[in-house]
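Trainee: Here you go, one structure.
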Amino acid sequence: MTTEQELQSLFNKLDTDHDGKISINDLFLSPGLITIISSETNSTTPQELLVNYDSDKDGSITFEELKEAVEKANNLT
């Protein structure tokens, strides 16, 4: 389980170009971090995370979309 602050920190590490979104490339370039995200969201792959939680279908995950994924997995404290 993670706090919102820890989740924001993780998101910031994945958002390498600082555009407020995590792209599929960002996820694949950080295998250690995607492992953490996968465990917190119950998604097994970056593609599954995008399919299930990219609500605006722009091919990337915003912090709010990631937060929603972690909340749905009941892993946000």
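Ordering of the structure tokens sets the chain letters (A, B, ...), residue numbers begin anew at 1 in every chain, and ligands are numbered from 1 in the order given.
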List the neighbours of stretch 33-43 of chain A out to 8 Å using only C-alpha atoms; skip same-chain residues closer than 3 positions along the sequence, and give me the result as a ChimeraX atom specification.
Mentor: /A:1-2,10,14,27-28,30,46,48-49,69-73,75
Trainee: Please identify which residues in chain A DSSP calls alpha helix (DSSP H) from the backbone, and express them as a PyMOL selection string.
Mentor: chain A and resi 4-14+24-29+31-41+46-53+63-72
Trainee: As an exercise, work out the distance from atom CA of A:Leu7 to atom CA of A:Thr62 in Å and give it to one decimal place.
Mentor: 11.8 Å
Trainee: Pick out each residue of chain A that DSSP on the backbone tags as strand (DSSP E or B); I need them as number ranges by chain.
Mentor: A: 2, 21-23, 60-62, 76
Trainee: Out of A:Gln47, A:Asp54, A:Leu29, A:Glu65, which residue has the shortest atom-to-atom distance to A:Lys13 when counting only C-alpha atoms?
Mentor: A:Leu29
